[in-house]
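Heads up, the thing below is written out as structure tokens.
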Amino acid sequence: MKEIKPDQFRAKSLIESSNELIKYTDTLTIKNISSTTIFNNYYEAFRQLGDAYCYLIGIKPENHIDSLNCIKNMNINTKRPIKNIDNFRRTRNKSKYEGHTISIAEAKDIRDFKEKCFEKILNEIKKVL
């Protein structure tokens with residue numbers, strides 16, 4: 001990660017994009033044909049929140065790990081451990097680069113994580129805006 005001047009404009013844009021992706025993905029029914037799209041969309045929304053937070057605090061993320069570490073290092077109390085986000089990154093990477101098929105259970109798991117954590121993370125990031 002590289003220190004940069006905080007960038008609220010970029011952060012707001014990423015937050016908006018993340019919210020739009022969540023809203024759209026929430027409309028999708030989880031089934032075999034949609035599980036990969038749903039999983040990847042939710043993962044991407046969390047990554048965008050991580051990027052937004054990084055830019056707000058003056059850090060340029062160089063990869064997904066940097067973005068997710070910014071989220072994991074936030075001091076917030078959620079119904080599921082924030083560190084679980086790393087498991088989603090690994091699952092997403094297996095899907096993207098190794099041909100792993102995202103199961104219905106995996107899509108349901110990340111949706112549950114989203115329902116229990118997304119708003120809390122988002123609200124914490126908005127405090128910095």
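Identifiers in the structure tokens: chain A, B, ... in order shown; residue index from 1 per chain; ligand index from 1 in order shown.
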Per residue of region 51-111 of chain A within 9 Å of region 6-9 of chain A, which atom pair is closest and at what distance in Å (one decimal), using only C-alpha atoms, listed by chain and increasing number, as a Markdown table?
| residue | atom | partner | partner_atom | distance |
| --- | --- | --- | --- | --- |
| A:Ala52 | CA | A:Gln8 | CA | 8.2 |
| A:Cys54 | CA | A:Pro6 | CA | 8.3 |
| A:Tyr55 | CA | A:Asp7 | CA | 5.3 |
| A:Leu56 | CA | A:Pro6 | CA | 5.0 |
| A:Ile57 | CA | A:Pro6 | CA | 5.7 |
| A:Gly58 | CA | A:Pro6 | CA | 4.0 |
| A:Ile59 | CA | A:Pro6 | CA | 7.3 |
File dump, residues just selected, N, CA and C atoms, as a PDB file, in the first residue's frame:
ATOM      1  N   ALA A  52     -12.810   2.207  -1.041  1.00  0.00           N
ATOM      2  CA  ALA A  52     -13.317   3.514  -0.618  1.00  0.00           C
ATOM      3  C   ALA A  52     -12.701   3.932   0.710  1.00  0.00           C
ATOM      4  N   CYS A  54      -9.911   2.855   2.055  1.00  0.00           N
ATOM      5  CA  CYS A  54      -8.485   3.120   1.837  1.00  0.00           C
ATOM      6  C   CYS A  54      -8.277   4.535   1.310  1.00  0.00           C
ATOM      7  N   TYR A  55      -9.030   4.916   0.288  1.00  0.00           N
ATOM      8  CA  TYR A  55      -8.869   6.249  -0.295  1.00  0.00           C
ATOM      9  C   TYR A  55      -9.223   7.344   0.702  1.00  0.00           C
ATOM     10  N   LEU A  56     -10.209   7.074   1.561  1.00  0.00           N
ATOM     11  CA  LEU A  56     -10.580   8.069   2.566  1.00  0.00           C
ATOM     12  C   LEU A  56      -9.486   8.300   3.590  1.00  0.00           C
ATOM     13  N   ILE A  57      -8.763   7.252   3.935  1.00  0.00           N
ATOM     14  CA  ILE A  57      -7.717   7.396   4.953  1.00  0.00           C
ATOM     15  C   ILE A  57      -6.328   7.625   4.340  1.00  0.00           C
ATOM     16  N   GLY A  58      -6.290   7.810   3.026  1.00  0.00           N
ATOM     17  CA  GLY A  58      -5.035   8.178   2.371  1.00  0.00           C
ATOM     18  C   GLY A  58      -4.120   7.022   2.031  1.00  0.00           C
ATOM     19  N   ILE A  59      -4.729   5.910   1.640  1.00  0.00           N
ATOM     20  CA  ILE A  59      -3.954   4.737   1.229  1.00  0.00           C
ATOM     21  C   ILE A  59      -4.421   4.308  -0.151  1.00  0.00           C
TER      22      ILE A  59
END
Exercise for the section: If you run DSSP over the backbone, which residues in chain A end up alpha helix (DSSP H)? Put them as a PyMOL selection string. Expected result: chain A and resi 8-26+35-56+64-72+85-98+104-128
Practice task
Using only C-alpha atoms, pick whichever of A:Cys117, A:Ala11, A:Ala107, A:Val128 has the shortest atom-to-atom distance to Ser34 (chain A).
Solution key: A:Ala107
Handout entry: Within 12 Å of Asn19 (chain A) using only C-alpha atoms, minus same-chain residues under 6 positions, as a ChimeraX atom specification
Key = /A:12-13,25-26,41-42,44-49,52,114,118-119,121-123
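With CA of Arg80 (chain A) on one side and CA of Asp112 (chain A) on the other, the separation reads 9.0 Å.
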